[in-house]
Amino acid sequence: MPRIKEGFKGGRIIVLPGFLVDELKRDPLGRELYITDIGYYPHATYHYCERSEEDSEEFVLIYCVEGEGWFELDGRRYDVRANQFFILPKYKAHVYGSKAGNPWTIYWIHFDGAKAAYFSMGFDKPHDISPAEHSRIQERLGLFEEIYSSVSSGYDKNYMLYATTSLFHFLGSMKYLGEYRECHVTEVQRKQDVVQRAVHFMQENLNKKLSLSDIAREVKLSPSYFSNVFEGRTGTPPLRYLGCLRMQEACRYLDFTDLKISQISPLVGYEDSLYFSRQFTKYMGISPSEYKAKKKG
């Protein structure tokens with residue numbers, strides 16, 4: 001099988017000269033975290049790289065955004081798919097490459113420094129960065145471009161140090177993935193999420209006796225604040241909304257089963273069937289037996 005180390009169509013690569021890397025190692029900020037190589041390989045067919053312990057002088061981050069690849073480390077082989085990354089530790093022999101049938105597209109960085117091991121710890125296996133509502137993947141890729149642009153701006157040390165500060169952010173977005181996603185969520189989105197979680201909790205527990213405190217505790221808010229947020233979003237107080245969900249479920253039982261009122265009431269959270277009938281009439285405007293007899297459709 002053909003093997004290619006670099007030179008992919010549309011690819012980009014920058015290798016910092018040794019004198020600049022040495023200068024960064026002497027700088028109070030640069031020595032904490034610095035880049036030696038950075039690049040991007042799109043659809044890297046036949047990509048292959050093998051390094052011995054002696055050749056593995058930096059940490060190597062590979063972030064796969066499309067296609068598939070693999071790597072070998074410590075005698076184990078790992079498959080890598082889209083939206084996964086891994087970091088190879090320095091001073092360890094390794095091999096990696098793209099899969100022939102579906103070659104990967106990767107962003108990659110070689111880096112080192114006093115803090116490099118901290119950011120790399122635990123990432124010597126593939127880790128997911130799956131797309132989600134608040135995944136911020138495009139922002140992370142934009143941050144990579146910021147780093148690349150800084151490194152490509154010549155041999156100005158200040159640009160290199162700016163790249164270092166951006167690299168802290170880039171690696172932090174992976175090490176603290178949940179926090180990176182969560183901190184960008186707006187207050188409006190937080191409130192929407194709270195309401196969605198609360199409604200889901202109600203729907204999953206219609207057969208149980210629930211208080212306002214029970215629901216608020218589930219979404220980790222005080223009852224008063226939760227009630228204000230919920231009513232502000234839905235226009236309905238939480239317990240009344242819960243009552244509507246109970247009656248909706250009761251109607252389903254009345255429409256599609258032959259269960260008696262006394263059998264339906266505990267299924268929707270009412271131990272007393274007479275109280276359930278009164279509540280049903282209050283919400284629906286007619287009694288359960290009248291609803292059952294009513295022609296629909």
# chains A, B, ... in the order shown; residues from 1 in each chain; ligands from 1

$ residues_around --residues "Gly269 of chain A" --least-positions-apart "4" --cutoff "9 Å" --atoms "only C-alpha atoms" --output "ChimeraX atom specification"
/A:205-210,246,265,276

$ select_by_dssp --residues "segment 92-191 of chain A" --states "strand (DSSP E)" --output "mmCIF file with N, CA and C atoms, in the first residue's frame"
data_model
loop_
_atom_site.group_PDB
_atom_site.id
_atom_site.type_symbol
_atom_site.label_atom_id
_atom_site.label_comp_id
_atom_site.auth_asym_id
_atom_site.auth_seq_id
_atom_site.Cartn_x
_atom_site.Cartn_y
_atom_site.Cartn_z
ATOM 1 N N HIS A 94 5.468 5.498 18.173
ATOM 2 C CA HIS A 94 4.069 5.433 17.727
ATOM 3 C C HIS A 94 4.005 5.387 16.201
ATOM 4 N N VAL A 95 2.865 4.972 15.724
ATOM 5 C CA VAL A 95 2.569 4.938 14.293
ATOM 6 C C VAL A 95 1.133 5.390 14.122
ATOM 7 N N TYR A 96 0.861 6.151 13.053
ATOM 8 C CA TYR A 96 -0.529 6.523 12.771
ATOM 9 C C TYR A 96 -0.712 6.755 11.276
ATOM 10 N N GLY A 97 -1.962 6.709 10.858
ATOM 11 C CA GLY A 97 -2.251 6.929 9.450
ATOM 12 C C GLY A 97 -3.743 6.953 9.187
ATOM 13 N N SER A 98 -4.098 7.275 7.957
ATOM 14 C CA SER A 98 -5.507 7.321 7.563
ATOM 15 C C SER A 98 -5.929 5.970 6.996
ATOM 16 N N THR A 105 -9.543 13.631 7.541
ATOM 17 C CA THR A 105 -9.159 15.040 7.462
ATOM 18 C C THR A 105 -8.793 15.450 8.877
ATOM 19 N N ILE A 106 -7.564 15.950 9.053
ATOM 20 C CA ILE A 106 -7.084 16.196 10.413
ATOM 21 C C ILE A 106 -6.470 17.588 10.571
ATOM 22 N N TYR A 107 -6.664 18.130 11.749
ATOM 23 C CA TYR A 107 -5.905 19.264 12.239
ATOM 24 C C TYR A 107 -4.884 18.692 13.218
ATOM 25 N N TRP A 108 -3.648 19.153 13.161
ATOM 26 C CA TRP A 108 -2.647 18.571 14.036
ATOM 27 C C TRP A 108 -1.674 19.627 14.550
ATOM 28 N N ILE A 109 -1.163 19.384 15.748
ATOM 29 C CA ILE A 109 -0.214 20.294 16.394
ATOM 30 C C ILE A 109 0.822 19.466 17.148
ATOM 31 N N HIS A 110 2.085 19.809 16.970
ATOM 32 C CA HIS A 110 3.159 19.285 17.805
ATOM 33 C C HIS A 110 3.479 20.367 18.836
ATOM 34 N N PHE A 111 3.487 20.002 20.097
ATOM 35 C CA PHE A 111 3.699 21.012 21.133
ATOM 36 C C PHE A 111 4.457 20.419 22.311
ATOM 37 N N ASP A 112 4.990 21.318 23.132
ATOM 38 C CA ASP A 112 5.727 20.878 24.311
ATOM 39 C C ASP A 112 5.728 22.032 25.312
ATOM 40 N N HIS A 127 -10.786 10.257 21.893
ATOM 41 C CA HIS A 127 -11.816 10.918 22.688
ATOM 42 C C HIS A 127 -12.802 11.631 21.762
ATOM 43 N N ASP A 128 -14.083 11.530 22.112
ATOM 44 C CA ASP A 128 -15.135 12.112 21.281
ATOM 45 C C ASP A 128 -15.276 13.611 21.508
#

$ closest_atom_pairs --of "segment 101-154 of chain A" --to "segment 45-67 of chain A" --cutoff "12 Å" --atoms "only C-alpha atoms" --output "Markdown table"
| residue | atom | partner | partner_atom | distance |
| --- | --- | --- | --- | --- |
| A:Gly101 | CA | A:Thr45 | CA | 8.5 |
| A:Asn102 | CA | A:Gly67 | CA | 5.1 |
| A:Pro103 | CA | A:Thr45 | CA | 5.1 |
| A:Trp104 | CA | A:Gly67 | CA | 4.0 |
| A:Thr105 | CA | A:Glu66 | CA | 5.0 |
| A:Ile106 | CA | A:Cys64 | CA | 4.5 |
| A:Tyr107 | CA | A:Tyr63 | CA | 5.1 |
| A:Trp108 | CA | A:Ile62 | CA | 4.5 |
| A:Ile109 | CA | A:Leu61 | CA | 5.2 |
| A:His110 | CA | A:Val60 | CA | 4.6 |
| A:Phe111 | CA | A:Phe59 | CA | 5.3 |
| A:Asp112 | CA | A:Glu58 | CA | 5.4 |
| A:Gly113 | CA | A:Glu58 | CA | 8.8 |
| A:Ala114 | CA | A:Glu58 | CA | 11.6 |
| A:Lys115 | CA | A:Phe59 | CA | 11.1 |
| A:Ala116 | CA | A:Phe59 | CA | 7.3 |
| A:Ala117 | CA | A:Phe59 | CA | 8.0 |
| A:Tyr118 | CA | A:Phe59 | CA | 11.1 |
| A:Phe119 | CA | A:Phe59 | CA | 10.0 |
| A:Ser120 | CA | A:Phe59 | CA | 7.7 |
| A:Met121 | CA | A:Phe59 | CA | 10.7 |
| A:Phe123 | CA | A:Leu61 | CA | 9.2 |
| A:Asp124 | CA | A:Leu61 | CA | 9.5 |
| A:Lys125 | CA | A:Ile62 | CA | 11.1 |
| A:Pro126 | CA | A:Tyr63 | CA | 9.5 |
| A:His127 | CA | A:Tyr63 | CA | 9.5 |
| A:Asp128 | CA | A:Cys64 | CA | 9.9 |
| A:Ile129 | CA | A:Val65 | CA | 9.3 |
| A:Ser130 | CA | A:Val65 | CA | 10.0 |
| A:Pro131 | CA | A:Val65 | CA | 10.5 |
| A:Ile137 | CA | A:Val65 | CA | 9.6 |
| A:Gln138 | CA | A:Val65 | CA | 10.7 |
| A:Arg140 | CA | A:Tyr63 | CA | 10.9 |
| A:Leu141 | CA | A:Val65 | CA | 9.7 |
| A:Phe144 | CA | A:Tyr63 | CA | 10.6 |

$ residues_around --residues "Glu249 of chain A" --least-positions-apart "2" --cutoff "12 Å" --atoms "only C-alpha atoms" --output "list in words"
Met202, Gln203, Glu204, Asn205, Leu206, Asn207, Leu242, Gly243, Cys244, Leu245, Arg246, Met247, Cys251, Arg252, Tyr253, Leu254, Asp255, Phe256, Thr257, Ile264, Ser265, Pro266, Leu267, Val268, Gly269 and Phe280 of chain A

$ write_last_selection --atoms "C-alpha atoms" --output "PDB file, in the first residue's frame"
ATOM      1  CA  MET A 202     -43.053  15.343  34.920  1.00  0.00           C
ATOM      2  CA  GLN A 203     -43.807  13.104  31.941  1.00  0.00           C
ATOM      3  CA  GLU A 204     -41.652  10.318  33.354  1.00  0.00           C
ATOM      4  CA  ASN A 205     -43.369  10.479  36.758  1.00  0.00           C
ATOM      5  CA  LEU A 206     -47.068  11.047  36.020  1.00  0.00           C
ATOM      6  CA  ASN A 207     -48.013   8.125  38.260  1.00  0.00           C
ATOM      7  CA  LEU A 242     -48.344  18.911  35.513  1.00  0.00           C
ATOM      8  CA  GLY A 243     -52.103  18.617  35.927  1.00  0.00           C
ATOM      9  CA  CYS A 244     -52.572  19.149  32.179  1.00  0.00           C
ATOM     10  CA  LEU A 245     -50.058  16.393  31.440  1.00  0.00           C
ATOM     11  CA  ARG A 246     -51.907  14.067  33.822  1.00  0.00           C
ATOM     12  CA  MET A 247     -55.234  14.742  32.125  1.00  0.00           C
ATOM     13  CA  CYS A 251     -57.581  10.926  28.063  1.00  0.00           C
ATOM     14  CA  ARG A 252     -55.264   8.532  26.285  1.00  0.00           C
ATOM     15  CA  TYR A 253     -56.297   5.729  28.637  1.00  0.00           C
ATOM     16  CA  LEU A 254     -59.980   6.602  28.192  1.00  0.00           C
ATOM     17  CA  ASP A 255     -59.623   6.686  24.407  1.00  0.00           C
ATOM     18  CA  PHE A 256     -57.590   3.551  23.854  1.00  0.00           C
ATOM     19  CA  THR A 257     -58.230   1.182  26.767  1.00  0.00           C
ATOM     20  CA  ILE A 264     -56.800   4.984  35.537  1.00  0.00           C
ATOM     21  CA  SER A 265     -56.561   7.398  38.457  1.00  0.00           C
ATOM     22  CA  PRO A 266     -53.443   5.832  40.102  1.00  0.00           C
ATOM     23  CA  LEU A 267     -51.729   5.629  36.713  1.00  0.00           C
ATOM     24  CA  VAL A 268     -51.868   9.420  36.452  1.00  0.00           C
ATOM     25  CA  GLY A 269     -50.957  10.216  40.040  1.00  0.00           C
ATOM     26  CA  PHE A 280     -60.645  15.812  35.292  1.00  0.00           C
TER      27      PHE A 280
END

$ atom_distance --atom1 "atom CA of Glu23 of chain A" --atom2 "atom CA of Asp37 of chain A"
15.2 Å

$ residues_around --residues "Tyr155 of chain A" --least-positions-apart "6" --cutoff "10 Å" --atoms "only C-alpha atoms" --output "ChimeraX atom specification"
/A:16-17,19-20

$ atom_distance --atom1 "atom CA of Leu29 of chain A" --atom2 "atom CA of Gln84 of chain A"
29.0 Å

$ residues_around --residues "segment 173-184 of chain A" --least-positions-apart "2" --cutoff "6 Å" --atoms "only C-alpha atoms" --output "count of residues only"
4

$ residues_around --residues "Val195 of chain A" --least-positions-apart "6" --cutoff "8 Å" --atoms "only C-alpha atoms" --output "MDAnalysis selection string"
chainID A and resid 229:230 233

$ residues_around --residues "Ala198 of chain A" --least-positions-apart "5" --cutoff "8 Å" --atoms "only C-alpha atoms" --output "ChimeraX atom specification"
/A:215-216,218-219

$ closest_residue --among "A:Asp79, A:Glu32, A:Asp22, A:Glu231" --to "Thr165 of chain A" --atoms "only C-alpha atoms"
A:Glu32

$ atom_distance --atom1 "atom CA of Gln279 of chain A" --atom2 "atom CA of Ser222 of chain A"
27.1 Å

$ select_by_dssp --residues "segment 40-198 of chain A" --states "alpha helix (DSSP H)" --output "number ranges by chain"
A: 116-120, 137-151, 157-175, 177-182, 187-198
